[in-house]
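Chemist: Just so it is clear, I am handing over start.cif, which has mmCIF, C-alpha atoms.
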```
data_data
#
loop_
_atom_site.label_atom_id
_atom_site.label_comp_id
_atom_site.auth_asym_id
_atom_site.auth_seq_id
_atom_site.Cartn_x
_atom_site.Cartn_y
_atom_site.Cartn_z
CA MET V 834 0.00 0.00 0.00
CA PRO V 835 1.78 3.15 -1.17
CA ALA V 836 0.14 5.82 0.95
CA ASP V 837 -1.25 6.39 4.37
CA PRO V 838 -5.02 6.76 4.58
CA ALA V 839 -4.77 10.38 5.74
CA THR V 840 -3.04 11.42 2.52
CA ASP V 841 -5.68 9.62 0.47
CA ARG V 842 -8.48 11.28 2.42
CA ALA V 843 -6.88 14.70 2.03
CA ASP V 844 -6.49 14.27 -1.73
CA LEU V 845 -9.99 12.88 -2.09
CA ALA V 846 -11.40 15.84 -0.15
CA ALA V 847 -9.40 18.23 -2.33
CA LEU V 848 -10.68 16.51 -5.47
CA ARG V 849 -14.26 16.83 -4.23
CA ARG V 850 -13.68 20.54 -3.62
CA GLY V 851 -12.63 20.94 -7.25
CA ASP V 852 -8.86 20.78 -6.88
CA GLU V 853 -8.20 18.77 -10.02
CA ILE V 854 -4.47 18.57 -9.35
CA ALA V 855 -5.35 16.21 -6.52
CA LEU V 856 -6.23 13.62 -9.15
CA ASN V 857 -2.67 13.81 -10.48
CA ARG V 858 -1.35 13.12 -7.01
CA ILE V 859 -3.69 10.15 -6.64
CA ILE V 860 -2.64 8.81 -10.04
CA ALA V 861 1.03 9.19 -9.22
CA ARG V 862 0.56 7.29 -5.97
CA TRP V 863 -1.71 4.51 -7.17
CA GLU V 864 -0.91 3.88 -10.83
CA ARG V 865 1.71 1.20 -10.20
CA PRO V 866 -0.27 -0.93 -7.74
CA LEU V 867 -3.28 -0.73 -10.01
CA ILE V 868 -1.26 -1.52 -13.12
CA GLY V 869 0.30 -4.48 -11.34
CA PHE V 870 -3.09 -5.85 -10.39
CA ALA V 871 -4.60 -5.27 -13.82
CA PHE V 872 -1.61 -6.71 -15.65
CA ARG V 873 -1.62 -9.91 -13.60
CA TYR V 874 -5.39 -10.13 -13.96
CA LEU V 875 -5.52 -9.56 -17.72
CA GLY V 876 -2.05 -10.69 -18.81
CA ASN V 877 -1.95 -7.86 -21.31
CA SER V 878 -0.18 -4.53 -20.81
CA ALA V 879 -2.34 -2.52 -23.23
CA ASP V 880 -5.56 -3.75 -21.61
CA ALA V 881 -4.11 -3.21 -18.15
CA ARG V 882 -3.14 0.36 -18.86
CA ASP V 883 -6.49 1.00 -20.50
CA GLN V 884 -8.48 -0.28 -17.52
CA VAL V 885 -6.36 1.64 -15.03
CA ALA V 886 -6.86 4.87 -16.96
CA GLU V 887 -10.58 4.17 -17.04
CA THR V 888 -10.55 3.58 -13.28
CA PHE V 889 -9.11 7.05 -12.66
CA VAL V 890 -11.63 8.57 -15.08
CA ARG V 891 -14.44 6.97 -13.08
CA LEU V 892 -12.91 8.21 -9.84
CA TYR V 893 -13.01 11.73 -11.26
CA GLN V 894 -16.58 11.35 -12.51
CA ASN V 895 -17.78 10.00 -9.17
CA ARG V 896 -15.75 12.32 -6.96
CA GLU V 897 -18.78 14.16 -5.61
CA ARG V 898 -20.59 10.98 -4.69
CA LEU V 899 -17.67 9.67 -2.69
CA ASP V 900 -17.70 10.23 1.03
CA ALA V 901 -14.76 12.21 2.36
CA GLU V 902 -14.02 9.23 4.59
CA SER V 903 -14.20 6.74 1.73
CA ASN V 904 -11.51 4.10 1.51
CA LEU V 905 -9.76 5.26 -1.64
CA PRO V 906 -7.73 2.12 -2.39
CA GLY V 907 -10.80 0.02 -1.70
CA TRP V 908 -12.80 2.09 -4.17
CA LEU V 909 -10.05 2.03 -6.79
CA PHE V 910 -9.51 -1.73 -6.59
CA THR V 911 -13.27 -2.36 -6.62
CA ALA V 912 -13.70 -0.31 -9.77
CA LEU V 913 -10.63 -1.78 -11.41
CA ALA V 914 -11.57 -5.38 -10.54
CA ASN V 915 -14.99 -4.87 -12.12
CA LEU V 916 -13.46 -3.29 -15.21
CA CYS V 917 -10.95 -6.14 -15.48
CA ARG V 918 -13.70 -8.73 -15.18
CA ASN V 919 -15.69 -7.05 -17.96
CA ARG V 920 -12.59 -6.73 -20.11
CA SER V 921 -11.67 -10.35 -19.49
CA ARG V 922 -15.14 -11.47 -20.57
CA TRP V 923 -14.89 -9.35 -23.68
CA ASN V 924 -11.48 -10.80 -24.48
CA HIS V 925 -12.87 -14.27 -23.97
CA ARG V 926 -15.63 -13.58 -26.49
CA HIS V 927 -13.24 -11.82 -28.90
CA PRO V 928 -9.99 -13.74 -28.76
CA THR V 929 -6.90 -11.94 -30.05
CA VAL V 930 -3.19 -12.48 -29.81
CA ALA V 931 -1.65 -9.81 -27.66
CA ILE V 932 1.76 -8.47 -28.51
CA ASP V 933 2.91 -9.24 -24.97
CA SER V 934 0.72 -12.17 -24.09
CA THR V 935 3.45 -13.33 -21.71
CA GLY V 936 6.25 -11.26 -20.34
CA ASN V 937 8.99 -13.58 -21.58
CA ASP V 938 7.71 -13.94 -25.12
CA THR V 939 9.59 -10.79 -25.95
CA LEU V 940 12.70 -12.93 -25.88
CA PRO V 941 12.91 -15.75 -28.39
CA LEU V 942 13.46 -19.22 -27.01
CA SER V 943 17.00 -19.32 -28.36
CA ALA V 944 17.85 -16.14 -26.50
CA GLN V 945 16.34 -17.51 -23.35
CA LEU V 946 18.37 -20.67 -23.71
CA CYS V 947 21.58 -18.78 -24.51
CA SER V 948 21.58 -17.31 -21.07
CA ASP V 949 24.61 -16.36 -19.03
CA GLU V 950 23.19 -18.28 -16.14
CA PRO V 951 25.12 -21.39 -15.10
CA ASP V 952 22.12 -23.64 -15.74
CA PRO V 953 19.98 -22.50 -18.68
CA ARG V 954 17.78 -25.52 -18.22
CA ALA V 955 16.87 -24.36 -14.74
CA LYS V 956 15.95 -20.96 -16.09
CA LEU V 957 13.79 -22.46 -18.79
CA GLN V 958 12.08 -24.51 -16.15
CA ARG V 959 11.41 -21.39 -14.11
CA VAL V 960 10.05 -19.62 -17.16
CA GLU V 961 7.76 -22.52 -17.85
CA MET V 962 6.59 -22.49 -14.25
CA ILE V 963 5.77 -18.79 -14.42
CA GLU V 964 3.88 -19.30 -17.67
CA ALA V 965 1.99 -22.15 -16.10
CA LEU V 966 1.20 -19.96 -13.11
CA GLU V 967 -0.07 -17.21 -15.39
CA LYS V 968 -2.36 -19.64 -17.12
CA ALA V 969 -3.54 -21.10 -13.86
CA VAL V 970 -4.30 -17.66 -12.44
CA ALA V 971 -6.06 -16.70 -15.64
CA GLY V 972 -8.23 -19.78 -15.21
CA LEU V 973 -9.42 -18.75 -11.75
CA ALA V 974 -12.88 -17.37 -11.28
CA HIS V 975 -13.11 -13.58 -10.83
CA ASP V 976 -13.55 -13.62 -7.06
CA LEU V 977 -10.79 -16.17 -6.49
CA LYS V 978 -8.40 -14.37 -8.80
CA THR V 979 -9.10 -10.96 -7.28
CA THR V 980 -8.72 -12.32 -3.77
CA LEU V 981 -5.42 -13.99 -4.58
CA LEU V 982 -3.93 -10.97 -6.37
CA LEU V 983 -5.03 -8.41 -3.79
CA CYS V 984 -3.87 -10.54 -0.91
CA HIS V 985 -0.53 -11.78 -2.24
CA TYR V 986 0.66 -8.78 -4.29
CA GLU V 987 -1.17 -5.75 -2.95
CA HIS V 988 -1.16 -6.94 0.65
CA LEU V 989 -4.73 -5.88 1.32
CA SER V 990 -6.27 -7.24 4.51
CA HIS V 991 -9.08 -9.75 4.30
CA ARG V 992 -11.46 -7.05 5.46
CA GLU V 993 -10.36 -4.70 2.68
CA ILE V 994 -10.65 -7.44 0.07
CA GLY V 995 -14.07 -8.26 1.49
CA ALA V 996 -15.07 -4.63 0.89
CA VAL V 997 -13.87 -4.85 -2.71
CA LEU V 998 -15.77 -8.06 -3.42
CA GLY V 999 -18.73 -7.45 -1.12
CA CYS V 1000 -17.90 -10.46 0.98
CA SER V 1001 -17.17 -11.23 4.63
CA GLU V 1002 -13.67 -11.82 5.99
CA ARG V 1003 -14.51 -15.48 6.48
CA GLY V 1004 -15.66 -15.64 2.90
CA ILE V 1005 -12.37 -14.15 1.75
CA GLU V 1006 -10.45 -16.74 3.74
CA THR V 1007 -12.46 -19.47 2.05
CA GLN V 1008 -11.91 -17.95 -1.38
CA LEU V 1009 -8.18 -17.64 -0.79
CA ARG V 1010 -8.01 -21.27 0.28
CA ARG V 1011 -9.98 -22.35 -2.78
CA ALA V 1012 -7.81 -20.26 -5.09
CA ARG V 1013 -4.66 -21.83 -3.74
CA GLN V 1014 -6.17 -25.29 -3.96
CA GLN V 1015 -7.09 -24.72 -7.57
CA LEU V 1016 -3.63 -23.39 -8.40
CA ARG V 1017 -2.01 -26.36 -6.75
CA ALA V 1018 -4.27 -28.67 -8.69
CA ASP V 1019 -3.48 -26.92 -11.97
CA LEU V 1020 0.22 -26.74 -11.29
CA GLY V 1021 0.41 -30.13 -9.63
CA SER V 1022 2.37 -31.87 -12.33
CA LYS V 1023 4.77 -28.94 -12.62
CA PHE V 1024 5.46 -28.93 -8.89
CA ALA V 1025 6.26 -32.61 -9.14
CA THR V 1026 8.95 -32.05 -11.76
CA MET I 26 11.61 -23.33 10.90
CA PRO I 27 9.10 -24.60 8.33
CA SER I 28 10.09 -24.11 4.69
CA LYS I 29 8.06 -21.70 2.59
CA ASP I 30 5.11 -23.05 0.65
CA PRO I 31 6.30 -23.75 -2.96
CA LEU I 32 3.18 -22.03 -4.24
CA ASP I 33 4.08 -18.86 -2.36
CA GLU I 34 7.61 -19.06 -3.71
CA LEU I 35 6.25 -19.36 -7.21
CA LEU I 36 3.84 -16.48 -6.68
CA ASP I 37 6.71 -14.37 -5.34
CA ARG I 38 8.71 -15.11 -8.46
CA TRP I 39 5.89 -13.88 -10.69
CA ASN I 40 7.11 -10.33 -11.13
CA PRO I 41 6.37 -9.37 -14.70
CA GLU I 42 7.70 -6.15 -16.11
CA TYR I 43 4.94 -3.63 -15.56
CA PRO I 44 3.56 -1.76 -18.50
CA ASP I 45 4.96 1.69 -18.95
CA THR I 46 2.90 4.17 -16.94
CA SER I 47 4.44 7.31 -18.38
CA GLY I 48 1.80 9.55 -19.85
CA LEU I 49 -0.98 7.85 -17.91
CA GLN I 50 -2.02 11.16 -16.32
CA ARG I 51 -2.28 12.79 -19.73
CA ASP I 52 -4.26 9.82 -21.01
CA VAL I 53 -6.66 10.09 -18.05
CA TRP I 54 -7.22 13.81 -18.56
CA GLN I 55 -7.79 13.34 -22.28
CA ARG I 56 -10.44 10.75 -21.53
CA ILE I 57 -12.03 13.03 -18.93
CA ALA I 58 -12.10 15.88 -21.44
CA ALA I 59 -13.63 13.60 -24.07
CA VAL I 60 -16.48 12.43 -21.84
CA ARG I 61 -16.97 15.67 -19.89
CA PRO I 62 -20.61 16.61 -20.37
CA GLY I 63 -21.79 19.95 -21.68
CA ILE I 64 -23.53 22.57 -19.60
CA LEU I 65 -27.01 21.17 -20.26
CA ALA I 66 -25.95 17.65 -19.38
CA ARG I 67 -24.31 18.90 -16.20
CA LEU I 68 -27.45 20.79 -15.32
CA GLY I 69 -29.41 17.60 -15.92
CA THR I 70 -27.03 15.71 -13.68
CA SER I 71 -27.36 18.36 -11.00
CA PHE I 72 -31.14 18.20 -11.16
CA ARG I 73 -31.00 14.47 -10.55
CA ARG I 74 -29.56 15.27 -7.13
CA PRO I 75 -32.40 15.78 -4.64
CA ALA I 76 -30.73 18.71 -2.89
CA TYR I 77 -30.30 20.64 -6.14
CA SER I 78 -33.79 19.87 -7.39
CA PHE I 79 -35.29 20.90 -4.06
CA LEU I 80 -33.34 24.16 -4.00
CA VAL I 81 -34.22 25.02 -7.58
CA GLY I 82 -37.86 24.07 -7.01
CA ALA I 83 -38.04 26.17 -3.86
CA ALA I 84 -36.36 29.10 -5.61
CA CYS I 85 -38.83 28.87 -8.52
CA ALA I 86 -41.79 28.69 -6.14
CA LEU I 87 -40.53 31.73 -4.22
CA ALA I 88 -39.95 33.61 -7.46
CA VAL I 89 -43.50 32.86 -8.63
CA LEU I 90 -44.95 33.90 -5.26
CA ALA I 91 -42.90 37.10 -5.28
CA PHE I 92 -44.07 37.88 -8.82
CA VAL I 93 -47.73 37.25 -7.94
CA GLU I 94 -47.34 39.40 -4.84
CA TRP I 95 -45.67 42.18 -6.81
CA HIS I 96 -48.28 41.99 -9.57
CA GLU I 97 -51.16 42.12 -7.09
CA ALA I 98 -49.60 45.04 -5.22
CA ARG I 99 -49.08 46.89 -8.52
CA ARG I 100 -52.67 46.26 -9.59
CA GLN I 101 -53.96 47.40 -6.21
CA HIS I 102 -51.77 50.50 -6.41
CA GLN I 103 -53.21 51.35 -9.82
CA VAL I 104 -56.75 50.89 -8.52
CA ASN I 105 -56.00 53.07 -5.51
CA THR I 106 -54.41 55.74 -7.64
CA GLU I 107 -57.45 55.88 -9.88
CA LEU I 108 -59.86 55.97 -6.95
CA ALA I 109 -57.78 58.65 -5.25
CA ARG I 110 -57.86 60.68 -8.47
CA GLN I 111 -61.63 60.33 -8.64
CA TYR I 112 -61.90 61.33 -5.00
CA LEU I 113 -59.84 64.43 -5.70
CA ARG I 114 -62.19 65.32 -8.52
CA LEU I 115 -65.01 64.89 -6.04
CA ILE I 116 -63.62 67.43 -3.58
CA ASP I 117 -61.67 69.72 -5.90
CA PRO I 118 -63.76 71.48 -8.52
CA ALA I 119 -60.62 72.74 -10.22
CA LEU I 120 -60.04 69.15 -11.39
CA GLY I 121 -63.46 68.90 -12.97
CA ALA I 122 -67.14 69.25 -12.35
CA PRO I 123 -68.43 68.03 -8.96
CA SER I 124 -69.42 64.42 -9.18
CA GLY I 125 -72.92 63.19 -8.75
CA ALA I 126 -74.31 61.30 -5.81
CA ASP I 127 -73.38 57.93 -7.33
CA SER I 128 -69.79 58.91 -7.75
CA MET I 129 -69.61 60.27 -4.21
CA GLU I 130 -71.07 57.04 -2.92
CA ARG I 131 -68.38 55.06 -4.71
CA GLU I 132 -65.49 57.26 -3.57
CA LEU I 133 -66.61 57.25 0.03
CA ALA I 134 -66.98 53.48 -0.05
CA TRP I 135 -63.44 53.28 -1.38
CA MET I 136 -62.20 55.55 1.40
CA ARG I 137 -64.03 53.47 4.00
CA ASP I 138 -62.42 50.25 2.77
CA GLU I 139 -59.01 51.69 2.04
CA LEU I 140 -58.63 53.57 5.32
CA ARG I 141 -60.67 51.04 7.31
CA LEU I 142 -63.01 53.65 8.71
CA SER I 143 -65.27 52.71 11.58
CA PRO I 144 -69.02 53.10 11.04
CA VAL I 145 -69.02 56.22 13.21
CA GLN I 146 -66.13 57.78 11.31
CA TYR I 147 -67.75 56.87 8.02
CA ALA I 148 -71.06 58.45 8.99
CA ARG I 149 -69.46 61.75 10.03
CA ILE I 150 -67.21 61.89 6.98
CA ARG I 151 -70.17 61.17 4.78
CA GLU I 152 -72.08 64.11 6.31
CA LEU I 153 -69.14 66.42 5.67
CA HIS I 154 -68.84 65.34 2.04
CA GLU I 155 -72.58 65.63 1.40
CA ALA I 156 -72.51 69.17 2.79
CA LEU I 157 -69.52 70.06 0.65
CA ASN I 158 -71.14 68.54 -2.39
CA LEU I 159 -74.14 70.81 -2.02
CA GLU I 160 -71.84 73.78 -1.64
CA LEU I 161 -69.81 72.77 -4.68
CA VAL I 162 -72.92 72.28 -6.80
CA ALA I 163 -74.01 75.83 -5.91
CA LEU I 164 -70.56 77.22 -6.70
CA GLU I 165 -70.51 75.31 -9.99
CA LYS I 166 -73.80 76.94 -10.98
CA GLU I 167 -72.29 80.34 -10.28
CA ARG I 168 -69.16 79.43 -12.23
CA LEU I 169 -71.28 78.32 -15.19
CA GLN I 170 -73.22 81.55 -15.12
CA VAL I 171 -70.02 83.64 -15.04
CA ARG I 172 -68.59 81.57 -17.91
CA GLN I 173 -71.72 82.28 -20.01
CA GLU I 174 -71.53 85.99 -19.30
CA THR I 175 -67.85 86.03 -20.19
CA ALA I 176 -68.61 84.25 -23.46
CA ALA I 177 -71.33 86.82 -24.28
CA LEU I 178 -68.85 89.65 -23.71
CA GLU I 179 -66.35 87.92 -25.97
CA ASP I 180 -68.97 87.66 -28.73
CA GLU I 181 -69.75 91.34 -28.29
CA ARG I 182 -66.06 92.21 -28.57
CA ARG I 183 -65.81 90.25 -31.82
CA THR I 184 -68.97 91.62 -33.42
CA GLU I 185 -68.81 95.23 -32.27
CA GLY I 186 -65.06 95.61 -31.89
CA GLN I 187 -65.39 96.96 -28.36
CA VAL I 188 -66.30 95.73 -24.90
CA ASP I 189 -66.83 97.08 -21.43
CA PHE I 190 -63.61 96.01 -19.84
CA LEU I 191 -64.77 97.00 -16.36
CA VAL I 192 -67.61 94.47 -16.63
CA PHE I 193 -65.15 91.92 -18.07
CA ALA I 194 -62.72 92.50 -15.20
CA GLY I 195 -65.57 92.17 -12.75
CA LEU I 196 -66.49 88.76 -14.15
CA ILE I 197 -62.88 87.60 -13.95
CA LYS I 198 -62.79 88.69 -10.33
CA VAL I 199 -66.03 86.82 -9.61
CA ARG I 200 -64.54 83.65 -11.17
CA GLN I 201 -61.43 83.94 -9.05
CA ASP I 202 -63.52 84.39 -5.94
CA ILE I 203 -65.53 81.29 -6.82
CA ASP I 204 -62.36 79.24 -7.35
CA LEU I 205 -60.87 80.50 -4.13
CA GLN I 206 -64.05 79.75 -2.28
CA SER I 207 -64.06 76.23 -3.70
CA PHE I 208 -60.46 75.79 -2.68
CA HIS I 209 -61.11 76.95 0.87
CA SER I 210 -64.18 74.73 1.09
CA MET I 211 -62.06 71.78 0.03
CA GLN I 212 -59.37 72.67 2.57
CA ARG I 213 -61.96 72.88 5.32
CA LEU I 214 -63.39 69.53 4.24
CA VAL I 215 -59.99 67.85 4.21
CA SER I 216 -59.12 69.36 7.56
CA ALA I 217 -62.42 68.32 9.12
CA THR I 218 -62.22 64.84 7.60
CA ALA I 219 -58.64 64.37 8.82
CA THR I 220 -59.63 65.38 12.32
CA ILE I 221 -62.07 62.50 12.47
CA MET I 222 -59.41 59.96 11.56
CA THR I 223 -56.75 58.15 13.56
CA PRO I 224 -53.13 59.26 12.98
CA GLU I 225 -52.43 56.37 10.61
CA GLN I 226 -55.66 56.94 8.65
CA ARG I 227 -54.89 60.64 8.55
CA ARG I 228 -51.38 60.09 7.22
CA ARG I 229 -52.63 57.91 4.38
CA TYR I 230 -55.59 60.19 3.64
CA LEU I 231 -53.39 63.30 3.42
CA ASP I 232 -51.02 61.39 1.13
CA TYR I 233 -53.94 60.95 -1.27
CA VAL I 234 -55.20 64.53 -1.16
CA GLN I 235 -51.94 66.39 -0.64
CA ALA I 236 -51.65 67.34 -4.27
CA ALA I 237 -55.10 68.87 -4.25
CA VAL I 238 -54.94 70.85 -1.01
CA SER I 239 -51.42 72.23 -1.30
CA ILE I 240 -51.77 74.17 -4.58
CA PRO I 241 -54.24 77.07 -4.50
CA PRO I 242 -56.02 77.98 -7.72
CA GLN I 243 -53.94 80.13 -10.07
CA PRO I 244 -55.24 83.55 -11.27
CA ILE I 245 -57.15 83.25 -14.49
CA ALA I 246 -55.15 84.46 -17.44
CA ASP I 247 -57.93 85.09 -19.91
#
```
Re-express the file's structure as structure tokens.
Modeler:
Amino acid sequence: MPADPATDRADLAALRRGDEIALNRIIARWERPLIGFAFRYLGNSADARDQVAETFVRLYQNRERLDAESNLPGWLFTALANLCRNRSRWNHRHPTVAIDSTGNDTLPLSAQLCSDEPDPRAKLQRVEMIEALEKAVAGLAHDLKTTLLLCHYEHLSHREIGAVLGCSERGIETQLRRARQQLRADLGSKFAT
Amino acid sequence: MPSKDPLDELLDRWNPEYPDTSGLQRDVWQRIAAVRPGILARLGTSFRRPAYSFLVGAACALAVLAFVEWHEARRQHQVNTELARQYLRLIDPALGAPSGADSMERELAWMRDELRLSPVQYARIRELHEALNLELVALEKERLQVRQETAALEDERRTEGQVDFLVFAGLIKVRQDIDLQSFHSMQRLVSATATIMTPEQRRRYLDYVQAAVSIPPQPIAD
């Protein structure tokens, strides 16, 4: 979490008063966490950037409806998670090949194998594991995926994730357990190797 | 110390290169500018908020009430002005011939309603005005007679080329006396009427008749 709640509240209050520069401060503080979430969720940098930009647009459009005491990161991740889900559905219905469908595709296999590392085979294995993880995460249901990403990478508490997904803390615990179970099941053979 | 879960280790290793965020602010502001609604749309949005709609509704209702109030006051003022003018004609022969009984009845009724006269006040004021009306009718007869004599002298001057200017001057003097007498009668009437009234009634009554009582009749030029 990149900012303390007081700073978020102050900027949100300023934005509600019409201080538009406050939005720039919010963007500067929250763009990377949001991009990280969106990129892991969608696996596509263009879509991720697009959804994050849209999230900030919606924050601006809804600034007057937001309570001064609103939980800004909670609101941002809620909006972004919903946008990512919609985008993911759209992508599912309209399949395309993204330029950067996986982070390591930018390097050809030969380049990956001609590594300076002492054991190129180990690196290839790691790359394959990461790709398998990406696919496994992509295969998770929206709630499970969001719970996993917010918990593991954004370090949101179960209560905060519950606010994003409209779910109790116990429910989040269950979803996290199910997400990990499903990942283990999907990656089972890889773990064995 | 228990070893870390392999799944957590794998998740920790998943650190993809983030997309470039440079220019994101500009991109956001461009999108905001593109979807920013026009004035009418913003007004529409504002009206959807209960507080705004209530305020605008209340302001409109107050404006309508204020307009109705202003319009009614203006109409009443015009009616009062006309009635006051007719009343002045009733008591001031210089403004026209004395009104008949019907007209006097109407003007006194107006004064009763406008100044909220009590029945006792109204009865006494009515007596005063009836007495003055008789006096004014008599004076008007004299004025008419003088006017006819003056006209006969004028005809004589035109036909015969000469006139008895002493007689003519005498008639002019008689007319001035009649006008002055009318004026004094009216002053006495106003004074007597005002005495009957309460201070507030008197103030409003004198406002109506001030123009008539303050300017004495001018000498006749002809």
Chemist: Based on all atoms listed in the file, which of the residues in chain V come within 10 Å of chain I? I want them as a ChimeraX atom specification.
Modeler: /V:853,856-861,864-866,868-873,876-883,885-891,893-894,933,935-937,959-960,962-964,966-967,981-982,985-986,1013-1014,1016-1017,1020,1024
Chemist: So, counting all atoms listed in the file, which residue among I:Glu181, I:Glu139, I:Asp204, I:Glu155 is closest to Glu225 in chain I?
Modeler: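 Smallest distance to Glu225 in chain I is found for I:Glu139.
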Chemist: Evaluate the PyMOL selection byres ((chain I and resi 110) around 12) and record the selected residues as a list in words, following the chain and residue labels used in the document.
Modeler: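 Here the PyMOL selection byres ((chain I and resi 110) around 12) matches Gln103, Val104, Asn105, Thr106, Glu107, Leu108, Ala109, Gln111, Tyr112, Leu113, Arg114, Leu115, Ile116, Asp117, Leu120, Gly121, Glu132, Trp135, Met136, Asp232, Tyr233, Val234, Gln235, Ala236 and Ala237 of chain I.
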Chemist: Report, in Å with one decimal, the straight-line distance from CA of Leu196 in chain I to CA of Val171 in chain I.
Modeler: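 Separating CA of Leu196 in chain I from CA of Val171 in chain I is a distance of 6.3 Å.
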Chemist: What's the separation between CA of Ala134 in chain I and CA of Ile150 in chain I, in Å to one decimal place?
Modeler: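 These two atoms are separated by 11.0 Å.
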Chemist: Report, in Å with one decimal, the straight-line distance from CA of Gln884 in chain V to CA of Asn924 in chain V.
Modeler: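 Taking CA of Gln884 in chain V as the start and CA of Asn924 in chain V as the end point, the length is 13.0 Å.
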Chemist: Might you pull out every residue within 12 Å of Asp837 in chain V, with all atoms listed in the file counted and same-chain residues fewer than 6 positions away left off, and present them as a PDB file with C-alpha atoms, keeping the file's coordinate frame?
Modeler:
```
ATOM      1  CA  ALA V 843      -6.880  14.700   2.030  1.00  0.00           C
ATOM      2  CA  ASP V 844      -6.490  14.270  -1.730  1.00  0.00           C
ATOM      3  CA  ILE V 859      -3.690  10.150  -6.640  1.00  0.00           C
ATOM      4  CA  ARG V 862       0.560   7.290  -5.970  1.00  0.00           C
ATOM      5  CA  TRP V 863      -1.710   4.510  -7.170  1.00  0.00           C
ATOM      6  CA  ASN V 904     -11.510   4.100   1.510  1.00  0.00           C
ATOM      7  CA  LEU V 905      -9.760   5.260  -1.640  1.00  0.00           C
ATOM      8  CA  PRO V 906      -7.730   2.120  -2.390  1.00  0.00           C
TER       9      PRO V 906
END
```
Chemist: Which polymer residues, protein or nucleic acid, are no farther than 8 Å from (-56.0, 56.1, 5.2), counting all atoms listed in the file, as a compact mmCIF listing (two decimals) with C-alpha atoms, in the frame of the given file?
Modeler:
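Here's the written file out_4.txt:
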```txt
# COMPACT_ATOMS: atom_id res chain seq x y z
CA MET I 136 -62.20 55.55 1.40
CA GLU I 139 -59.01 51.69 2.04
CA LEU I 140 -58.63 53.57 5.32
CA ARG I 141 -60.67 51.04 7.31
CA GLU I 225 -52.43 56.37 10.61
CA GLN I 226 -55.66 56.94 8.65
CA ARG I 227 -54.89 60.64 8.55
CA ARG I 228 -51.38 60.09 7.22
CA ARG I 229 -52.63 57.91 4.38
CA TYR I 230 -55.59 60.19 3.64
CA LEU I 231 -53.39 63.30 3.42
```
Chemist: I'd like to see the residues matched by the PyMOL selection byres ((chain V and resi 845) around 8) on this file, and ideally I'd get them as a PyMOL selection string.
Modeler: chain V and resi 841-844+846-849+855+896+901+905
Chemist: For the residues selected in the previous step, produce a file with C-alpha atoms as a PDB file, in the coordinates of the input.
Modeler:
```
ATOM      1  CA  ASP V 841      -5.680   9.620   0.470  1.00  0.00           C
ATOM      2  CA  ARG V 842      -8.480  11.280   2.420  1.00  0.00           C
ATOM      3  CA  ALA V 843      -6.880  14.700   2.030  1.00  0.00           C
ATOM      4  CA  ASP V 844      -6.490  14.270  -1.730  1.00  0.00           C
ATOM      5  CA  ALA V 846     -11.400  15.840  -0.150  1.00  0.00           C
ATOM      6  CA  ALA V 847      -9.400  18.230  -2.330  1.00  0.00           C
ATOM      7  CA  LEU V 848     -10.680  16.510  -5.470  1.00  0.00           C
ATOM      8  CA  ARG V 849     -14.260  16.830  -4.230  1.00  0.00           C
ATOM      9  CA  ALA V 855      -5.350  16.210  -6.520  1.00  0.00           C
ATOM     10  CA  ARG V 896     -15.750  12.320  -6.960  1.00  0.00           C
ATOM     11  CA  ALA V 901     -14.760  12.210   2.360  1.00  0.00           C
ATOM     12  CA  LEU V 905      -9.760   5.260  -1.640  1.00  0.00           C
TER      13      LEU V 905
END
```
Chemist: Report the residues retrieved by the PyMOL selection byres ((chain I and resi 199) around 12) from the displayed file, expressed as an mmCIF file with C-alpha atoms, in the frame of the given file.
Modeler:
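Final output, saved to selection.cif:
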```cif
data_model
loop_
_atom_site.group_PDB
_atom_site.id
_atom_site.type_symbol
_atom_site.label_atom_id
_atom_site.label_comp_id
_atom_site.auth_asym_id
_atom_site.auth_seq_id
_atom_site.Cartn_x
_atom_site.Cartn_y
_atom_site.Cartn_z
ATOM 1 C CA LEU I 164 -70.560 77.220 -6.700
ATOM 2 C CA GLU I 167 -72.290 80.340 -10.280
ATOM 3 C CA ARG I 168 -69.160 79.430 -12.230
ATOM 4 C CA LEU I 169 -71.280 78.320 -15.190
ATOM 5 C CA GLN I 170 -73.220 81.550 -15.120
ATOM 6 C CA VAL I 171 -70.020 83.640 -15.040
ATOM 7 C CA ARG I 172 -68.590 81.570 -17.910
ATOM 8 C CA GLU I 174 -71.530 85.990 -19.300
ATOM 9 C CA THR I 175 -67.850 86.030 -20.190
ATOM 10 C CA VAL I 192 -67.610 94.470 -16.630
ATOM 11 C CA PHE I 193 -65.150 91.920 -18.070
ATOM 12 C CA ALA I 194 -62.720 92.500 -15.200
ATOM 13 C CA GLY I 195 -65.570 92.170 -12.750
ATOM 14 C CA LEU I 196 -66.490 88.760 -14.150
ATOM 15 C CA ILE I 197 -62.880 87.600 -13.950
ATOM 16 C CA LYS I 198 -62.790 88.690 -10.330
ATOM 17 C CA ARG I 200 -64.540 83.650 -11.170
ATOM 18 C CA GLN I 201 -61.430 83.940 -9.050
ATOM 19 C CA ASP I 202 -63.520 84.390 -5.940
ATOM 20 C CA ILE I 203 -65.530 81.290 -6.820
ATOM 21 C CA ASP I 204 -62.360 79.240 -7.350
ATOM 22 C CA LEU I 205 -60.870 80.500 -4.130
ATOM 23 C CA GLN I 206 -64.050 79.750 -2.280
ATOM 24 C CA PRO I 244 -55.240 83.550 -11.270
ATOM 25 C CA ILE I 245 -57.150 83.250 -14.490
#
```
Chemist: May I have the centre and edge lengths, in Å to one decimal, of an axis-aligned box around the listed atoms of range 999-1006 of chain V with 4 Å added to every side, as JSON?
Modeler:
```
{"center_x": -14.6, "center_y": -12.1, "center_z": 2.7, "size_x": 16.3, "size_y": 17.3, "size_z": 15.6}
```
